[in-house]
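structure37.tsv (TSV, C-alpha atoms) appears below.
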```
chain	number	residue	atom	x	y	z
E	1	MET	CA	58.17	5.90	54.22
E	2	GLU	CA	57.31	2.94	52.00
E	3	ARG	CA	59.85	0.18	51.37
E	4	GLU	CA	60.22	0.84	47.66
E	5	GLU	CA	60.93	4.53	48.25
E	6	VAL	CA	63.52	3.71	50.93
E	7	LYS	CA	65.26	1.20	48.65
E	8	LYS	CA	65.26	3.70	45.77
E	9	ARG	CA	66.74	6.51	47.87
E	10	ILE	CA	69.45	4.25	49.34
E	11	ALA	CA	70.39	3.01	45.86
E	12	GLU	CA	70.51	6.55	44.47
E	13	LYS	CA	72.72	7.83	47.29
E	14	PHE	CA	75.14	4.89	47.68
E	15	GLY	CA	75.06	3.13	44.31
E	16	ALA	CA	77.42	0.18	43.89
E	17	LYS	CA	78.69	0.44	47.48
E	18	VAL	CA	75.49	-1.25	48.71
E	19	LYS	CA	73.54	-4.33	47.76
E	20	ILE	CA	69.84	-4.28	48.61
E	21	ALA	CA	67.89	-7.50	49.16
E	22	GLU	CA	64.49	-8.53	50.49
E	23	ARG	CA	63.80	-11.85	52.15
E	24	SER	CA	60.36	-11.09	53.51
E	25	PRO	CA	57.71	-8.38	53.23
E	26	ARG	CA	58.80	-6.94	56.59
E	27	ARG	CA	62.57	-6.83	56.14
E	28	VAL	CA	64.95	-5.04	53.77
E	29	TYR	CA	68.64	-5.93	53.95
E	30	VAL	CA	71.31	-3.48	52.88
E	31	TYR	CA	74.80	-4.95	52.59
E	32	ALA	CA	77.23	-2.03	52.90
E	33	GLU	CA	80.94	-1.61	52.35
E	34	ASN	CA	82.82	-0.61	55.49
E	35	GLU	CA	83.73	2.89	54.35
E	36	ILE	CA	80.08	3.95	53.94
E	37	TRP	CA	78.75	2.11	57.01
E	38	VAL	CA	78.39	5.25	59.15
E	39	ASP	CA	77.05	7.35	56.27
E	40	LEU	CA	74.36	4.76	55.60
E	41	ALA	CA	73.32	4.68	59.26
E	42	ARG	CA	73.24	8.50	59.33
E	43	PHE	CA	71.13	8.58	56.14
E	44	LEU	CA	68.59	6.09	57.51
E	45	PHE	CA	68.39	7.76	60.91
E	46	ASN	CA	68.48	11.46	59.98
E	47	ASP	CA	67.23	11.69	56.39
E	48	LEU	CA	64.79	8.79	56.13
E	49	ASP	CA	63.61	9.11	59.75
E	50	ALA	CA	64.11	5.45	60.70
E	51	ARG	CA	64.39	4.58	64.36
E	52	PHE	CA	67.52	2.81	65.62
E	53	ASP	CA	66.55	-0.39	67.43
E	54	THR	CA	69.53	-2.61	68.19
E	55	GLY	CA	72.29	-4.63	66.57
E	56	LEU	CA	73.96	-7.98	66.60
E	57	ALA	CA	77.11	-9.71	65.45
E	58	VAL	CA	77.74	-13.15	64.00
E	59	ASP	CA	81.20	-14.70	64.21
E	60	SER	CA	82.64	-16.71	61.34
E	61	ARG	CA	86.08	-18.05	60.55
E	62	ASP	CA	86.96	-15.04	58.39
E	63	GLY	CA	85.46	-12.22	60.42
E	64	VAL	CA	82.45	-10.82	62.18
E	65	GLU	CA	79.27	-9.81	60.39
E	66	VAL	CA	77.77	-6.77	62.13
E	67	MET	CA	74.11	-5.80	61.68
E	68	PHE	CA	72.04	-2.87	62.90
E	69	PHE	CA	68.24	-2.74	62.73
E	70	PHE	CA	66.25	0.34	61.77
E	71	PRO	CA	62.47	-0.04	62.01
E	72	PHE	CA	59.96	2.08	60.13
E	73	ASP	CA	57.24	1.77	62.74
E	74	ARG	CA	54.24	3.16	60.86
E	75	GLU	CA	54.87	0.95	57.86
E	76	HIS	CA	55.74	-2.14	59.97
E	77	TYR	CA	59.06	-3.19	58.44
E	78	PHE	CA	62.78	-3.11	59.26
E	79	VAL	CA	65.84	-2.08	57.32
E	80	THR	CA	68.84	-4.12	58.41
E	81	ILE	CA	72.24	-2.76	57.49
E	82	LYS	CA	75.05	-5.30	57.39
E	83	THR	CA	78.78	-5.12	56.99
E	84	PHE	CA	81.73	-7.41	57.59
E	85	ALA	CA	84.78	-6.82	59.79
E	86	ALA	CA	87.65	-9.11	58.76
E	87	LYS	CA	89.78	-11.04	61.24
E	88	PRO	CA	92.29	-11.16	62.89
E	89	ASN	CA	91.49	-7.62	64.09
E	90	PRO	CA	87.86	-6.86	63.23
E	91	THR	CA	87.49	-3.08	63.14
E	92	LEU	CA	84.68	-0.77	62.01
E	93	ASN	CA	83.85	2.88	62.40
E	94	SER	CA	81.41	3.53	65.22
E	95	ILE	CA	77.93	4.82	64.46
E	96	SER	CA	77.55	6.05	68.05
E	97	PRO	CA	78.73	9.61	67.25
E	98	VAL	CA	75.70	9.77	64.90
E	99	ILE	CA	73.31	7.63	66.97
E	100	PRO	CA	74.23	7.82	70.67
E	101	GLY	CA	72.04	4.82	71.56
E	102	ALA	CA	74.30	2.55	69.49
E	103	LYS	CA	77.18	2.88	71.94
E	104	TRP	CA	75.77	0.17	74.23
E	105	ILE	CA	75.40	-2.50	71.57
E	106	GLU	CA	78.82	-1.59	70.13
E	107	ARG	CA	80.34	-2.07	73.59
E	108	GLU	CA	78.66	-5.46	73.83
E	109	MET	CA	79.97	-6.47	70.38
E	110	PHE	CA	83.45	-5.38	71.45
E	111	GLU	CA	83.22	-7.41	74.64
E	112	MET	CA	81.76	-10.53	73.03
E	113	TYR	CA	83.51	-10.59	69.61
E	114	GLU	CA	86.46	-8.15	69.91
E	115	VAL	CA	85.07	-5.86	67.20
E	116	LYS	CA	86.85	-2.56	67.73
E	117	PHE	CA	84.77	0.49	66.86
E	118	ARG	CA	86.85	3.52	65.84
E	119	ASN	CA	85.67	6.86	67.28
E	120	HIS	CA	83.59	5.16	69.98
E	121	PRO	CA	83.34	7.48	73.01
E	122	ASP	CA	83.75	4.72	75.65
E	123	LEU	CA	84.82	1.36	74.23
E	124	ARG	CA	85.24	-0.73	77.35
E	125	PRO	CA	83.63	-3.99	78.45
E	126	LEU	CA	79.99	-3.69	79.41
E	127	LEU	CA	79.23	-6.96	81.22
E	128	ARG	CA	82.60	-8.60	81.89
E	129	ALA	CA	83.03	-10.28	85.24
E	130	ASP	CA	86.01	-9.16	87.31
E	131	ASN	CA	87.55	-12.63	87.17
E	132	ARG	CA	87.39	-12.99	83.37
E	133	PRO	CA	90.73	-12.62	81.55
E	134	ALA	CA	91.07	-9.36	79.60
E	135	ASP	CA	91.67	-11.23	76.33
E	136	TYR	CA	88.59	-13.46	76.71
E	137	TYR	CA	85.80	-12.64	74.24
E	138	ALA	CA	82.95	-14.97	75.13
E	139	ALA	CA	81.37	-15.40	71.70
E	140	LYS	CA	84.55	-15.38	69.63
E	141	ARG	CA	85.12	-18.83	68.24
E	142	GLU	CA	88.95	-18.81	68.47
E	143	VAL	CA	88.99	-17.87	72.15
E	144	LYS	CA	86.68	-20.52	73.53
E	145	ASP	CA	89.25	-23.32	73.36
E	146	GLU	CA	92.14	-21.22	74.68
E	147	HIS	CA	90.65	-20.34	78.10
E	148	GLU	CA	89.33	-22.28	81.02
E	149	THR	CA	85.78	-21.42	81.88
E	150	VAL	CA	85.36	-19.54	85.13
E	151	ARG	CA	82.17	-21.38	86.07
E	152	GLN	CA	81.75	-25.04	86.85
E	153	ARG	CA	79.23	-26.86	84.69
E	154	ASP	CA	76.93	-27.98	87.52
E	155	ASP	CA	77.12	-25.00	89.86
E	156	GLY	CA	73.58	-23.73	89.20
E	157	ASP	CA	72.22	-24.24	92.75
E	158	ALA	CA	75.23	-22.64	94.42
E	159	ARG	CA	75.16	-19.70	92.02
E	160	ALA	CA	71.41	-19.23	92.57
E	161	ASP	CA	71.94	-19.15	96.34
E	162	ASP	CA	74.84	-16.74	95.98
E	163	VAL	CA	72.85	-14.38	93.73
E	164	ALA	CA	69.84	-14.50	96.07
E	165	GLY	CA	72.07	-13.73	99.05
E	166	ARG	CA	71.31	-17.01	100.81
E	167	PRO	CA	74.10	-18.72	102.75
E	168	PRO	CA	75.45	-21.99	101.34
E	169	LYS	CA	73.53	-25.04	102.50
E	170	GLY	CA	74.66	-26.37	105.87
E	171	LYS	CA	76.50	-23.20	106.91
E	172	ASN	CA	75.19	-20.76	109.45
E	173	PRO	CA	75.91	-17.15	108.46
```
Just dump the structure as structure tokens.
Amino acid sequence: MEREEVKKRIAEKFGAKVKIAERSPRRVYVYAENEIWVDLARFLFNDLDARFDTGLAVDSRDGVEVMFFFPFDREHYFVTIKTFAAKPNPTLNSISPVIPGAKWIEREMFEMYEVKFRNHPDLRPLLRADNRPADYYAAKREVKDEHETVRQRDDGDARADDVAGRPPKGKNP
């Protein structure tokens, strides 16, 4: 579906609750209010036949901006939907009940930025190391100064040996 038609249909369906912008010929941005976030994703995925690709989050002092990317492969452009989850407890509705593939990126956003997704089927850390504190969110700007890092700055060689299964230098296994 062509970009102009997609923009027109989104504007007709959601009206003032969205703001549509273009920054390049291959990208359409749709800034959505939180309460229509899931409905917009459902509309793009089910009605307009966009494919869900991935998402990302950007931390700021006031909250976390959450974006999901929906490519239209034949036409070679993306629609990016964006919303904002305010701090101190950034919370959004999950799109994973509509798009099951979104549950992984939502889990990663939860683990990295503490964005809680309501109605998520399995909101638990995805990559967290066993020795990381439960309240440590690696990409969250407020947390970085409050916790000691688990790794040493110059431990690259030792970590590489450990990951490869080699014994530490000078020690016989």
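Here CA of Lys82 in chain E is placed at a distance of 5.7 Å from CA of Val66 in chain E.
Among the candidates E:Ala57, E:Met112, E:Leu40, E:Val98, the one nearest to Ala134 in chain E when counting all atoms listed in the file is E:Met112.
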- Counting all atoms listed in the file, the option among E:Val6, E:Ala86, E:Glu22, E:Lys17 closest to Asp47 in chain E: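 Going through E:Val6, E:Ala86, E:Glu22, E:Lys17 one by one, the smallest distance to Asp47 in chain E is for E:Val6.
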Where's the centre, and what are the edge lengths in Å to one decimal, of a box along x, y and z enclosing all listed atoms of range 65-68 of chain E padded 8 Å per side, as lines of an AutoDock Vina configuration file?
```
center_x = 75.7
center_y = -6.3
center_z = 61.6
size_x = 23.2
size_y = 22.9
size_z = 18.5
```
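With distances restricted to all atoms listed in the file, E:Ala102 is the closest residue to Asp53 in chain E from E:Phe14, E:Ser96, E:Ala102, E:Tyr31.
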Residues within 12 Å of (81.8, 10.3, 64.5), counting only C-alpha atoms, listed as a short mmCIF file (atom, residue, chain, number, x, y, z; two decimals) with C-alpha atoms, keeping the file's coordinate frame:
```cif
data_model
loop_
_atom_site.label_atom_id
_atom_site.label_comp_id
_atom_site.auth_asym_id
_atom_site.auth_seq_id
_atom_site.Cartn_x
_atom_site.Cartn_y
_atom_site.Cartn_z
CA TRP E 37 78.75 2.11 57.01
CA VAL E 38 78.39 5.25 59.15
CA ASP E 39 77.05 7.35 56.27
CA ALA E 41 73.32 4.68 59.26
CA ARG E 42 73.24 8.50 59.33
CA LEU E 92 84.68 -0.77 62.01
CA ASN E 93 83.85 2.88 62.40
CA SER E 94 81.41 3.53 65.22
CA ILE E 95 77.93 4.82 64.46
CA SER E 96 77.55 6.05 68.05
CA PRO E 97 78.73 9.61 67.25
CA VAL E 98 75.70 9.77 64.90
CA ILE E 99 73.31 7.63 66.97
CA PRO E 100 74.23 7.82 70.67
CA ALA E 102 74.30 2.55 69.49
CA LYS E 103 77.18 2.88 71.94
CA PHE E 117 84.77 0.49 66.86
CA ARG E 118 86.85 3.52 65.84
CA ASN E 119 85.67 6.86 67.28
CA HIS E 120 83.59 5.16 69.98
CA PRO E 121 83.34 7.48 73.01
#
```
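Interatomic distance, CA of Arg61 in chain E against CA of Pro88 in chain E: 9.6 Å.
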Counting all atoms listed in the file, closest pick from E:Tyr136, E:Tyr77, E:Phe72, E:Phe84 relative to Asp49 in chain E is E:Phe72
- Item | Interatomic distance (Å, one decimal) between CA of Gly15 in chain E and CA of Thr83 in chain E |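 Separating CA of Gly15 in chain E from CA of Thr83 in chain E is a distance of 15.6 Å.
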Local residues around (69.2, 0.8, 69.1), at most 8 Å away, using all atoms listed in the file, as a VMD selection string: chain E and resid 51 to 55 68 to 70 101 to 102 105
